[in-house]
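Novice: This one is upload_34.csv, CSV, C-alpha atoms.
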chain,number,residue,atom,x,y,z
A,1,MET,CA,102.3,-11.1,-65.5
A,2,THR,CA,104.0,-7.8,-66.7
A,3,PRO,CA,104.4,-4.9,-64.3
A,4,GLY,CA,101.8,-2.9,-66.1
A,5,ARG,CA,99.2,-5.6,-65.6
A,6,ARG,CA,100.0,-5.9,-61.9
A,7,LEU,CA,99.6,-2.2,-61.5
A,8,TYR,CA,96.3,-2.2,-63.3
A,9,ALA,CA,95.1,-5.1,-61.1
A,10,GLY,CA,96.3,-3.3,-58.0
A,11,GLY,CA,94.6,-0.1,-59.1
A,12,MET,CA,91.3,-2.1,-59.5
A,13,GLU,CA,91.6,-3.8,-56.0
A,14,GLN,CA,92.0,-0.6,-53.9
A,15,PRO,CA,88.5,0.8,-54.6
A,16,GLN,CA,86.9,-2.5,-53.9
A,17,LEU,CA,88.5,-2.6,-50.5
A,18,VAL,CA,87.3,0.9,-49.7
A,19,LEU,CA,83.7,0.0,-50.7
A,20,LEU,CA,83.8,-3.2,-48.6
A,21,ALA,CA,85.1,-1.1,-45.6
A,22,LEU,CA,82.3,1.4,-46.0
A,23,LEU,CA,79.7,-1.3,-46.3
A,24,ALA,CA,81.0,-3.0,-43.2
A,25,GLY,CA,81.0,0.3,-41.4
A,26,LEU,CA,77.4,0.9,-42.3
A,27,LEU,CA,76.3,-2.5,-41.2
A,28,VAL,CA,78.1,-2.2,-37.9
A,29,GLY,CA,76.6,1.3,-37.4
A,30,ALA,CA,73.1,0.1,-38.2
A,31,ALA,CA,73.5,-2.8,-35.8
A,32,VAL,CA,74.7,-0.4,-33.1
A,33,VAL,CA,71.7,1.9,-33.7
A,34,GLY,CA,69.3,-1.0,-33.7
A,35,LEU,CA,70.7,-2.2,-30.4
A,36,VAL,CA,70.4,1.3,-28.9
A,37,VAL,CA,66.8,1.7,-30.1
A,38,ALA,CA,65.9,-1.8,-28.8
A,39,ALA,CA,67.5,-1.0,-25.5
A,40,LEU,CA,65.6,2.3,-25.2
A,41,ARG,CA,62.3,0.6,-26.1
A,42,ALA,CA,63.0,-2.1,-23.6
A,43,ARG,CA,63.7,0.5,-21.0
A,44,ASP,CA,60.5,2.4,-21.8
A,45,ARG,CA,58.5,-0.9,-21.6
A,46,SER,CA,60.2,-1.7,-18.3
A,47,LEU,CA,59.4,1.8,-16.9
A,48,ALA,CA,55.8,1.5,-18.1
A,49,GLN,CA,55.4,-1.9,-16.5
A,50,THR,CA,56.9,-0.9,-13.2
A,51,SER,CA,55.5,2.7,-13.1
A,52,SER,CA,52.6,3.6,-10.8
A,53,GLU,CA,51.5,6.4,-13.0
A,54,VAL,CA,48.1,6.0,-14.6
A,55,PRO,CA,48.4,5.7,-18.4
A,56,GLU,CA,47.3,8.7,-20.4
A,57,GLY,CA,43.6,8.7,-21.2
A,58,VAL,CA,42.6,6.3,-18.4
A,59,GLU,CA,41.4,9.0,-16.1
A,60,ALA,CA,39.3,10.6,-18.8
A,61,MET,CA,37.8,7.2,-19.6
A,62,LEU,CA,36.9,6.7,-15.9
A,63,GLY,CA,35.4,10.1,-15.6
A,64,ALA,CA,32.9,9.3,-18.4
A,65,MET,CA,31.8,5.9,-16.9
A,66,ASP,CA,28.5,5.5,-15.1
A,67,ASP,CA,29.5,2.3,-13.4
A,68,PRO,CA,31.8,2.3,-10.4
A,69,ALA,CA,35.4,1.7,-11.6
A,70,PHE,CA,38.9,2.4,-10.4
A,71,VAL,CA,42.6,1.7,-11.0
A,72,CYS,CA,44.8,0.5,-8.1
A,73,ASP,CA,48.5,-0.5,-7.7
A,74,THR,CA,50.2,-3.4,-6.1
A,75,SER,CA,49.6,-1.9,-2.6
A,76,SER,CA,45.8,-1.7,-3.4
A,77,THR,CA,46.0,2.1,-3.3
A,78,VAL,CA,43.4,3.7,-5.6
A,79,LEU,CA,45.1,6.0,-8.2
A,80,ALA,CA,42.1,7.0,-10.3
A,81,LEU,CA,38.4,6.3,-10.1
A,82,SER,CA,35.0,7.1,-11.7
A,83,PRO,CA,32.5,9.3,-9.7
A,84,ALA,CA,30.2,6.4,-8.9
A,85,ALA,CA,33.0,4.4,-7.2
A,86,GLU,CA,32.8,6.4,-4.0
A,87,VAL,CA,29.4,4.9,-3.4
A,88,PHE,CA,31.2,1.6,-2.4
A,89,GLY,CA,33.7,3.4,-0.2
A,90,VAL,CA,36.5,3.7,-2.8
A,91,HIS,CA,38.4,7.0,-2.6
A,92,ALA,CA,41.5,8.3,-4.5
A,93,GLY,CA,44.8,8.0,-2.6
A,94,GLU,CA,43.3,5.5,-0.1
A,95,VAL,CA,43.8,1.8,0.2
A,96,ILE,CA,40.8,-0.4,-0.8
A,97,ALA,CA,38.8,-1.2,2.3
A,98,SER,CA,37.2,-4.4,1.0
A,99,GLU,CA,39.4,-7.5,1.4
A,100,GLU,CA,37.4,-9.2,-1.4
A,101,LEU,CA,38.3,-6.4,-3.9
A,102,LYS,CA,41.9,-6.7,-2.9
A,103,ARG,CA,41.9,-10.4,-3.5
A,104,VAL,CA,40.3,-10.1,-6.9
A,105,SER,CA,42.8,-7.4,-7.9
A,106,ARG,CA,45.7,-9.5,-6.7
A,107,VAL,CA,44.6,-12.6,-8.6
A,108,ALA,CA,44.2,-10.6,-11.9
A,109,ARG,CA,47.6,-9.1,-11.5
A,110,ASP,CA,49.3,-12.4,-10.7
A,111,THR,CA,47.7,-14.3,-13.5
A,112,GLY,CA,48.0,-11.5,-16.0
A,113,SER,CA,44.5,-12.0,-17.3
A,114,GLY,CA,41.1,-10.6,-16.5
A,115,ILE,CA,38.8,-12.3,-14.1
A,116,ALA,CA,35.1,-11.8,-13.1
A,117,GLU,CA,33.4,-12.6,-9.8
A,118,ASN,CA,30.2,-11.8,-8.0
A,119,LEU,CA,30.8,-10.3,-4.5
A,120,ARG,CA,28.7,-9.0,-1.6
A,121,LEU,CA,29.7,-5.4,-1.0
A,122,ARG,CA,28.2,-2.7,1.1
A,123,ARG,CA,27.2,0.6,-0.4
A,124,GLY,CA,28.6,2.8,2.4
A,125,ALA,CA,29.4,1.9,5.9
A,126,ALA,CA,27.5,-0.6,8.1
A,127,PRO,CA,24.7,-1.1,8.7
A,128,ALA,CA,24.1,-0.5,5.0
A,129,GLU,CA,22.7,-3.6,3.3
A,130,PRO,CA,25.2,-5.7,1.3
A,131,ARG,CA,24.7,-5.5,-2.4
A,132,LEU,CA,25.4,-8.2,-5.0
A,133,VAL,CA,28.1,-6.7,-7.3
A,134,ALA,CA,29.6,-8.1,-10.5
A,135,VAL,CA,33.3,-7.3,-10.4
A,136,ARG,CA,35.7,-7.6,-13.3
A,137,ALA,CA,39.4,-7.0,-12.8
A,138,THR,CA,41.8,-6.5,-15.7
A,139,PRO,CA,45.6,-5.9,-15.4
A,140,ILE,CA,46.8,-2.9,-17.5
A,141,SER,CA,50.4,-3.2,-16.4
A,142,ALA,CA,52.5,-5.2,-14.0
A,143,ARG,CA,51.6,-2.8,-11.2
A,144,LEU,CA,48.2,-1.5,-12.2
A,145,THR,CA,44.8,-3.1,-12.3
A,146,LEU,CA,41.5,-1.8,-13.5
A,147,LEU,CA,38.4,-2.9,-11.6
A,148,VAL,CA,34.9,-2.3,-12.9
A,149,LEU,CA,31.9,-2.9,-10.6
A,150,ARG,CA,28.2,-3.4,-11.5
A,151,ASP,CA,25.4,-3.6,-9.0
A,152,ILE,CA,23.2,-6.5,-10.0
A,153,THR,CA,21.2,-6.7,-6.8
A,154,GLU,CA,18.0,-5.5,-8.3
A,155,HIS,CA,18.4,-7.7,-11.3
A,156,GLU,CA,19.0,-10.8,-9.2
A,157,ARG,CA,16.1,-9.9,-6.9
A,158,VAL,CA,13.7,-9.5,-9.8
A,159,GLU,CA,14.8,-12.8,-11.3
A,160,GLU,CA,14.5,-14.6,-8.0
A,161,MET,CA,11.1,-12.9,-7.4
A,162,ARG,CA,9.9,-14.0,-10.8
A,163,ARG,CA,10.9,-17.6,-10.3
A,164,ASP,CA,9.4,-17.8,-6.8
A,165,PHE,CA,6.3,-16.0,-7.9
A,166,VAL,CA,5.7,-18.3,-10.8
A,167,ALA,CA,6.3,-21.4,-8.6
A,168,ASN,CA,4.1,-20.2,-5.7
A,169,THR,CA,1.3,-19.0,-8.0
A,170,SER,CA,1.2,-22.3,-9.9
A,171,HIS,CA,1.0,-24.1,-6.5
A,172,GLU,CA,-1.7,-21.9,-5.1
A,173,LEU,CA,-3.9,-22.0,-8.2
A,174,LYS,CA,-3.9,-25.8,-8.2
A,175,THR,CA,-6.1,-26.1,-5.2
A,176,PRO,CA,-9.1,-23.9,-6.2
A,177,VAL,CA,-8.9,-25.1,-9.8
A,178,GLY,CA,-8.8,-28.7,-8.7
A,179,ALA,CA,-11.8,-28.1,-6.4
A,180,VAL,CA,-13.8,-26.4,-9.1
A,181,SER,CA,-13.1,-29.4,-11.4
A,182,LEU,CA,-14.2,-31.9,-8.8
A,183,LEU,CA,-17.3,-30.0,-7.8
A,184,ALA,CA,-18.3,-29.7,-11.5
A,185,GLU,CA,-18.1,-33.5,-11.8
A,186,ALA,CA,-20.1,-33.9,-8.6
A,187,ILE,CA,-22.8,-31.6,-9.9
A,188,GLU,CA,-23.0,-33.6,-13.1
A,189,SER,CA,-23.2,-36.9,-11.3
A,190,ALA,CA,-25.9,-35.6,-9.0
A,191,ALA,CA,-28.0,-34.1,-11.7
A,192,ASP,CA,-31.1,-36.0,-10.5
A,193,ASP,CA,-30.8,-34.9,-6.9
A,194,PRO,CA,-31.7,-31.2,-6.6
A,195,ALA,CA,-30.6,-31.0,-3.0
A,196,GLN,CA,-27.1,-32.3,-3.8
A,197,VAL,CA,-26.9,-30.0,-6.8
A,198,ARG,CA,-27.7,-27.0,-4.6
A,199,HIS,CA,-25.1,-28.1,-2.1
A,200,PHE,CA,-22.3,-28.6,-4.6
A,201,SER,CA,-23.3,-25.4,-6.4
A,202,SER,CA,-22.9,-23.4,-3.2
A,203,ARG,CA,-19.5,-24.9,-2.6
A,204,LEU,CA,-18.6,-24.3,-6.3
A,205,GLN,CA,-19.5,-20.7,-5.9
A,206,ALA,CA,-17.3,-20.4,-2.8
A,207,GLU,CA,-14.3,-21.9,-4.7
A,208,VAL,CA,-14.9,-19.6,-7.7
A,209,THR,CA,-15.0,-16.6,-5.3
A,210,ARG,CA,-11.8,-17.7,-3.7
A,211,LEU,CA,-10.2,-18.2,-7.1
A,212,ALA,CA,-11.2,-14.8,-8.2
A,213,ALA,CA,-9.9,-13.2,-5.1
A,214,LEU,CA,-6.6,-15.0,-5.5
A,215,VAL,CA,-6.3,-13.9,-9.2
A,216,ASN,CA,-7.1,-10.3,-8.2
A,217,ARG,CA,-4.5,-10.4,-5.5
A,218,ILE,CA,-1.9,-11.8,-7.9
A,219,LEU,CA,-2.6,-9.1,-10.4
A,220,SER,CA,-2.3,-6.4,-7.8
A,221,LEU,CA,1.0,-7.7,-6.5
A,222,SER,CA,2.4,-8.1,-10.0
A,223,ARG,CA,1.4,-4.5,-10.8
A,224,LEU,CA,3.2,-3.3,-7.7
A,225,GLN,CA,6.3,-5.3,-8.4
A,226,ALA,CA,6.4,-4.5,-12.1
A,227,SER,CA,7.3,-0.8,-11.7
A,228,ASP,CA,8.9,1.5,-9.2
A,229,GLU,CA,6.8,4.4,-10.3
A,230,LEU,CA,3.3,5.3,-9.2
A,231,ARG,CA,0.9,6.3,-12.1
A,232,ASP,CA,-1.7,8.6,-10.6
A,233,VAL,CA,0.1,10.5,-7.8
A,234,ARG,CA,-1.9,13.2,-6.0
A,235,ASP,CA,-2.6,14.6,-2.6
A,236,VAL,CA,-4.5,11.9,-0.7
A,237,SER,CA,-6.6,12.4,2.4
A,238,ILE,CA,-5.8,9.7,5.0
A,239,ASP,CA,-9.3,10.2,6.5
A,240,GLU,CA,-10.8,9.2,3.1
A,241,VAL,CA,-8.4,6.2,2.7
A,242,VAL,CA,-9.3,4.8,6.2
A,243,THR,CA,-13.0,5.4,5.7
A,244,ALA,CA,-13.0,3.6,2.3
A,245,ALA,CA,-11.0,0.7,3.8
A,246,VAL,CA,-13.2,0.2,6.8
A,247,GLU,CA,-16.5,0.5,4.8
A,248,GLY,CA,-15.1,-2.0,2.3
A,249,TYR,CA,-15.0,-4.7,5.0
A,250,ALA,CA,-18.0,-3.7,7.0
A,251,ILE,CA,-20.0,-6.8,5.8
A,252,GLN,CA,-17.0,-9.1,6.8
A,253,ALA,CA,-16.8,-7.5,10.2
A,254,ASP,CA,-20.6,-8.0,10.8
A,255,ALA,CA,-20.4,-11.6,9.7
A,256,ALA,CA,-17.5,-12.2,12.1
A,257,GLN,CA,-19.2,-10.2,14.9
A,258,VAL,CA,-16.2,-8.0,15.2
A,259,THR,CA,-16.5,-4.2,15.8
A,260,VAL,CA,-14.1,-1.9,13.9
A,261,VAL,CA,-13.3,1.3,15.8
A,262,ARG,CA,-11.7,4.4,14.3
A,263,GLY,CA,-9.8,7.2,16.0
A,264,GLY,CA,-6.9,9.5,16.1
A,265,THR,CA,-5.8,12.7,14.3
A,266,LYS,CA,-7.9,14.0,11.4
A,267,GLY,CA,-7.0,16.1,8.4
A,268,LEU,CA,-3.7,14.4,7.5
A,269,TRP,CA,-2.5,14.1,3.9
A,270,VAL,CA,0.1,12.2,2.0
A,271,ARG,CA,1.2,12.0,-1.7
A,272,GLY,CA,0.3,8.8,-3.6
A,273,GLU,CA,-2.3,6.8,-5.3
A,274,PRO,CA,-5.6,6.6,-3.4
A,275,GLN,CA,-6.6,3.2,-4.7
A,276,ILE,CA,-3.3,1.5,-3.7
A,277,LEU,CA,-3.3,3.1,-0.3
A,278,THR,CA,-6.9,2.1,0.3
A,279,GLU,CA,-6.2,-1.5,-0.7
A,280,ALA,CA,-3.1,-1.6,1.6
A,281,VAL,CA,-5.1,-0.4,4.7
A,282,GLY,CA,-8.0,-2.6,3.7
A,283,ASN,CA,-5.8,-5.6,3.7
A,284,LEU,CA,-4.7,-4.9,7.2
A,285,VAL,CA,-8.3,-4.4,8.3
A,286,ALA,CA,-9.4,-7.6,6.7
A,287,ASN,CA,-6.6,-9.6,8.4
A,288,ALA,CA,-7.4,-8.1,11.8
A,289,ILE,CA,-11.1,-9.1,11.4
A,290,ALA,CA,-10.2,-12.6,10.2
A,291,TYR,CA,-7.9,-13.3,13.1
A,292,SER,CA,-10.0,-11.7,15.9
A,293,PRO,CA,-12.3,-13.7,18.2
A,294,VAL,CA,-16.0,-13.2,18.1
A,295,GLY,CA,-17.2,-10.1,20.0
A,296,SER,CA,-13.8,-8.4,20.0
A,297,LYS,CA,-12.8,-5.0,18.5
A,298,VAL,CA,-10.4,-3.9,15.8
A,299,GLY,CA,-8.9,-0.5,16.2
A,300,VAL,CA,-7.8,1.8,13.3
A,301,GLY,CA,-5.8,4.8,14.6
A,302,ILE,CA,-4.2,7.7,12.9
A,303,LYS,CA,-1.5,10.0,14.3
A,304,LEU,CA,1.3,12.3,13.2
A,305,ASP,CA,4.9,11.4,14.3
A,306,ASP,CA,6.9,14.5,13.4
A,307,THR,CA,6.6,14.5,9.6
A,308,VAL,CA,5.4,10.9,9.3
A,309,VAL,CA,1.8,9.8,9.2
A,310,GLU,CA,1.1,6.6,11.0
A,311,ILE,CA,-1.9,4.3,10.4
A,312,ALA,CA,-2.1,1.6,13.0
A,313,VAL,CA,-4.5,-1.4,12.8
A,314,THR,CA,-4.7,-3.3,16.1
A,315,ASP,CA,-6.5,-6.5,16.9
A,316,ARG,CA,-6.8,-8.7,20.0
A,317,GLY,CA,-6.5,-11.9,18.2
A,318,ILE,CA,-4.2,-14.9,18.3
A,319,GLY,CA,-1.1,-12.9,17.7
A,320,ILE,CA,2.0,-14.0,15.7
A,321,PRO,CA,5.0,-15.9,17.2
A,322,GLU,CA,8.2,-14.0,17.1
A,323,SER,CA,9.8,-16.8,15.0
A,324,ASP,CA,7.2,-16.1,12.2
A,325,GLN,CA,7.2,-12.3,12.3
A,326,HIS,CA,10.0,-11.8,9.9
A,327,ARG,CA,8.2,-13.9,7.3
A,328,VAL,CA,4.6,-12.6,7.4
A,329,PHE,CA,5.3,-10.2,4.5
A,330,GLU,CA,6.4,-13.0,2.2
A,331,ARG,CA,4.2,-14.0,-0.7
A,332,PHE,CA,1.8,-16.9,0.1
A,333,TYR,CA,3.2,-17.2,3.7
A,334,ARG,CA,0.5,-18.0,6.3
A,335,ALA,CA,1.3,-18.2,10.0
A,336,ASP,CA,-1.8,-20.2,10.6
A,337,GLN,CA,-2.4,-22.4,7.6
A,338,ALA,CA,-5.7,-23.9,8.8
A,339,ARG,CA,-7.3,-20.6,9.8
A,340,SER,CA,-6.2,-18.9,6.6
A,341,ARG,CA,-7.7,-21.6,4.5
A,342,ARG,CA,-10.9,-21.5,6.5
A,343,THR,CA,-11.3,-17.7,6.2
A,344,GLY,CA,-10.3,-17.7,2.5
A,345,GLY,CA,-7.0,-16.1,2.9
A,346,THR,CA,-4.6,-16.0,-0.1
A,347,GLY,CA,-1.4,-15.3,1.8
A,348,LEU,CA,-0.8,-12.2,-0.4
A,349,GLY,CA,-2.4,-9.5,1.6
A,350,LEU,CA,0.6,-8.5,3.7
A,351,SER,CA,2.9,-8.8,0.8
A,352,ILE,CA,0.7,-6.3,-1.1
A,353,VAL,CA,0.8,-4.0,1.9
A,354,LYS,CA,4.6,-4.0,2.1
A,355,HIS,CA,5.1,-3.3,-1.6
A,356,ALA,CA,2.3,-0.6,-1.7
A,357,VAL,CA,3.8,1.2,1.2
A,358,GLN,CA,7.4,1.0,-0.1
A,359,ARG,CA,6.2,2.4,-3.4
A,360,HIS,CA,5.1,5.5,-1.4
A,361,GLY,CA,8.4,5.9,0.3
A,362,GLY,CA,7.2,4.4,3.6
A,363,GLU,CA,7.5,1.3,5.8
A,364,VAL,CA,5.4,-1.2,7.7
A,365,ARG,CA,6.1,-2.1,11.3
A,366,LEU,CA,4.7,-5.0,13.2
A,367,TRP,CA,4.2,-5.6,16.9
A,368,SER,CA,2.7,-8.9,18.0
A,369,ARG,CA,2.5,-11.3,21.0
A,370,PRO,CA,0.8,-14.7,21.0
A,371,ASP,CA,-2.7,-14.5,22.5
A,372,ARG,CA,-2.4,-10.7,22.9
A,373,GLY,CA,-3.0,-9.6,19.4
A,374,SER,CA,-1.1,-7.7,16.7
A,375,THR,CA,-0.5,-4.1,15.5
A,376,PHE,CA,0.5,-3.3,12.0
A,377,THR,CA,1.6,0.3,11.5
A,378,ILE,CA,1.9,1.9,8.1
A,379,ARG,CA,4.3,4.9,8.1
A,380,LEU,CA,4.1,7.4,5.2
A,381,PRO,CA,5.8,10.8,4.6
A,382,MET,CA,3.4,13.6,5.4
A,383,SER,CA,2.5,16.2,2.8
A,384,GLU,CA,0.9,19.6,3.2
A,385,ALA,CA,-2.8,19.8,3.0
A,386,PRO,CA,-3.8,21.1,-0.5
A,387,ASP,CA,-5.7,24.4,-0.9
A,388,LEU,CA,-9.1,23.0,-1.4
A,389,GLU,CA,-10.6,26.4,-2.2
A,390,SER,CA,-8.4,26.7,-5.3
A,391,VAL,CA,-9.5,23.3,-6.7
A,392,ARG,CA,-13.2,23.4,-5.7
A,393,PRO,CA,-15.4,24.3,-8.7
A,394,LYS,CA,-17.0,27.7,-8.5
A,395,PRO,CA,-20.8,27.6,-8.6
A,396,ARG,CA,-22.4,29.0,-11.7
A,397,ARG,CA,-24.8,31.9,-11.5
A,398,LYS,CA,-28.5,31.1,-11.6
A,399,GLY,CA,-31.0,32.6,-14.1
A,400,ARG,CA,-34.4,34.0,-13.2
A,401,LYS,CA,-35.9,30.5,-13.1
A,402,GLY,CA,-33.0,28.8,-11.3
A,403,SER,CA,-31.3,27.7,-14.5
A,404,ALA,CA,-27.6,28.2,-14.9
A,405,THR,CA,-26.6,31.1,-17.1
A,406,THR,CA,-23.6,31.0,-19.5
A,407,PRO,CA,-21.1,33.7,-18.8
A,408,VAL,CA,-21.0,36.4,-21.5
A,409,PRO,CA,-17.5,36.7,-23.0
A,410,ALA,CA,-15.8,40.0,-22.4
A,411,LYS,CA,-15.1,42.2,-25.3
A,412,GLY,CA,-12.4,40.9,-27.4
A,413,ASP,CA,-12.7,37.3,-26.0
A,414,THR,CA,-13.9,34.3,-27.9
A,415,ALA,CA,-16.6,32.0,-26.7
Would you mind giving the structure from this file in structure tokens?
Specialist:
Amino acid sequence: MTPGRRLYAGGMEQPQLVLLALLAGLLVGAAVVGLVVAALRARDRSLAQTSSEVPEGVEAMLGAMDDPAFVCDTSSTVLALSPAAEVFGVHAGEVIASEELKRVSRVARDTGSGIAENLRLRRGAAPAEPRLVAVRATPISARLTLLVLRDITEHERVEEMRRDFVANTSHELKTPVGAVSLLAEAIESAADDPAQVRHFSSRLQAEVTRLAALVNRILSLSRLQASDELRDVRDVSIDEVVTAAVEGYAIQADAAQVTVVRGGTKGLWVRGEPQILTEAVGNLVANAIAYSPVGSKVGVGIKLDDTVVEIAVTDRGIGIPESDQHRVFERFYRADQARSRRTGGTGLGLSIVKHAVQRHGGEVRLWSRPDRGSTFTIRLPMSEAPDLESVRPKPRRKGRKGSATTPVPAKGDTA
């Protein structure tokens, strides 16, 4: 090759080397920048995972939640919470008091996935009643866990009540329905014997009455359990409630040769539904009559205890053993099965009393000793006596012959 050709070739090789060097520099620089960016991102992720600071937006989300919820760290210290969480004793900056909540949080954080459990937690300090709470724990970082609580006590109670109610009702209805069926067959087979027909007819009538009473009690209890609200709330005179309840069972008392005696403070009022309260007091009177011996007395007393109206129904009957006293308000429970069947009891009366009184913001108390009798006391919040003059209708003016006259509209008024 001639020197001129070598020079030309050398002149062509020098720019190529420069370009290759620039390209290599760019590649190395890009790699270095990528490594730096990756390192920074890894550092940010590590800081986010190990930080105890609540991520942005979480506190705002918790503030808008109706359910109890909170975020805690590895030491079970609450960092942020919803307003409803304090009901379960959870407070910002404090360690979770519940060991069960600590355990659920720890398991979710260790496994790195959300878990859900149903726990028994107290709403407030003891002796508050434990509540059934659905708890879901979700890790939001290596150190932070979000716990959301939902009180499902009422839901579970209603479901259990529904199952028990259906089972108990089906069982209780079988007896009178079966008796009615058998008596109808007996009447048909004894069609040629008028005496037998009358005998079976009277028994059939008794079973039908018992069945009707059971159905009515079931409907009353279902209505009380179906809603937490009263429909026709008004000022109710306790004197009128007790009078109606006692008069409603006067025939039963005469038949059982039991005297019902009233006494106590008069002129007391409460807020509620007169019909429900009358039925509640009436059930206590009916029970007292049914379980009292012949010739005894049943007392119905009224008194005011500070701001609470007490209606006590006392009998001198067989009494209730202490072991059964905590169950007498259960549906279909009968302390004395044989006597209850004989007197036509449905086992629903005291359950109706309990739910009726609870709907009115009150409670029922029981004192009883075997062979000494029982006292059931309804306690209701007192209300002020209404101004009867303002609600009493004004008498209309009489005409010359005693007829009522229509008021003449004033000038400018319309009739």
Novice: Could you work out how far atom CA of A:Glu53 lies from atom CA of A:Ala142, giving the answer in Å with one decimal?
Specialist: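 Here the two named atoms are 11.7 Å from each other.
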Novice: Using all atoms listed in the file, can you tell me which of A:Gly349, A:Gly114, A:Pro370, A:Pro15 comes closest to A:Ala280?
Specialist: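 Between A:Gly349, A:Gly114, A:Pro370, A:Pro15, the residue approaching A:Ala280 most closely is A:Gly349.
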Novice: Using all atoms listed in the file, which residue out of A:Gly34, A:Gly373, A:Gly267, A:Gly317 lies closest to A:Val294?
Specialist: A:Gly317
Novice: One decimal, Å: what's the distance from atom CA of A:Leu132 over to atom CA of A:Glu156, could you say?
Specialist: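 Separating atom CA of A:Leu132 from atom CA of A:Glu156 is a distance of 8.1 Å.
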Novice: Considering all atoms listed in the file, tabulate each residue of stretch 172-265 of chain A that lies at most 8 Å from stretch 269-276 of chain A along with its nearest interatomic pair and the corresponding distance in Å to one decimal; arrange the rows by chain and ascending residue number and present them as a Markdown table.
Specialist:
| residue | atom | partner | partner_atom | distance |
| --- | --- | --- | --- | --- |
| A:Leu230 | CA | A:Glu273 | CA | 7.0 |
| A:Arg231 | CA | A:Glu273 | CA | 7.5 |
| A:Asp232 | CA | A:Glu273 | CA | 5.6 |
| A:Val233 | CA | A:Gly272 | CA | 4.5 |
| A:Arg234 | CA | A:Arg271 | CA | 5.4 |
| A:Asp235 | CA | A:Arg271 | CA | 4.7 |
| A:Val236 | CA | A:Val270 | CA | 5.3 |
| A:Ser237 | CA | A:Trp269 | CA | 4.7 |
| A:Ile238 | CA | A:Trp269 | CA | 5.6 |
| A:Val241 | CA | A:Pro274 | CA | 6.7 |
Novice: Taking all atoms listed in the file into account, which of A:Pro381, A:Gly299, A:Pro55, A:Gly93 comes nearest A:Arg143?
Specialist: A:Pro55
Novice: With distances taken over only C-alpha atoms, which residue among A:Glu185, A:Asp324, A:Glu310, A:Asp66 lies nearest A:Val242?
Specialist: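 Nearest candidate to A:Val242 out of A:Glu185, A:Asp324, A:Glu310, A:Asp66: A:Glu310.
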Novice: Please provide as a list in words all residues within 8 Å of stretch 94-103 of chain A, with the sequence filter that same-chain residues fewer than 4 positions apart are discarded (counting all atoms listed in the file).
Specialist: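 Surrounding residues, per the criterion: Ser75, Ser76, Thr77, Val78, Gly89, Val90, Val107, Leu119 and Leu121 of chain A.
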Novice: Using C-alpha atoms, can you export the residues from the last selection as an mmCIF file, in the coordinates of the input?
Specialist:
data_model
loop_
_atom_site.group_PDB
_atom_site.id
_atom_site.type_symbol
_atom_site.label_atom_id
_atom_site.label_comp_id
_atom_site.auth_asym_id
_atom_site.auth_seq_id
_atom_site.Cartn_x
_atom_site.Cartn_y
_atom_site.Cartn_z
ATOM 1 C CA SER A 75 49.600 -1.900 -2.600
ATOM 2 C CA SER A 76 45.800 -1.700 -3.400
ATOM 3 C CA THR A 77 46.000 2.100 -3.300
ATOM 4 C CA VAL A 78 43.400 3.700 -5.600
ATOM 5 C CA GLY A 89 33.700 3.400 -0.200
ATOM 6 C CA VAL A 90 36.500 3.700 -2.800
ATOM 7 C CA VAL A 107 44.600 -12.600 -8.600
ATOM 8 C CA LEU A 119 30.800 -10.300 -4.500
ATOM 9 C CA LEU A 121 29.700 -5.400 -1.000
#
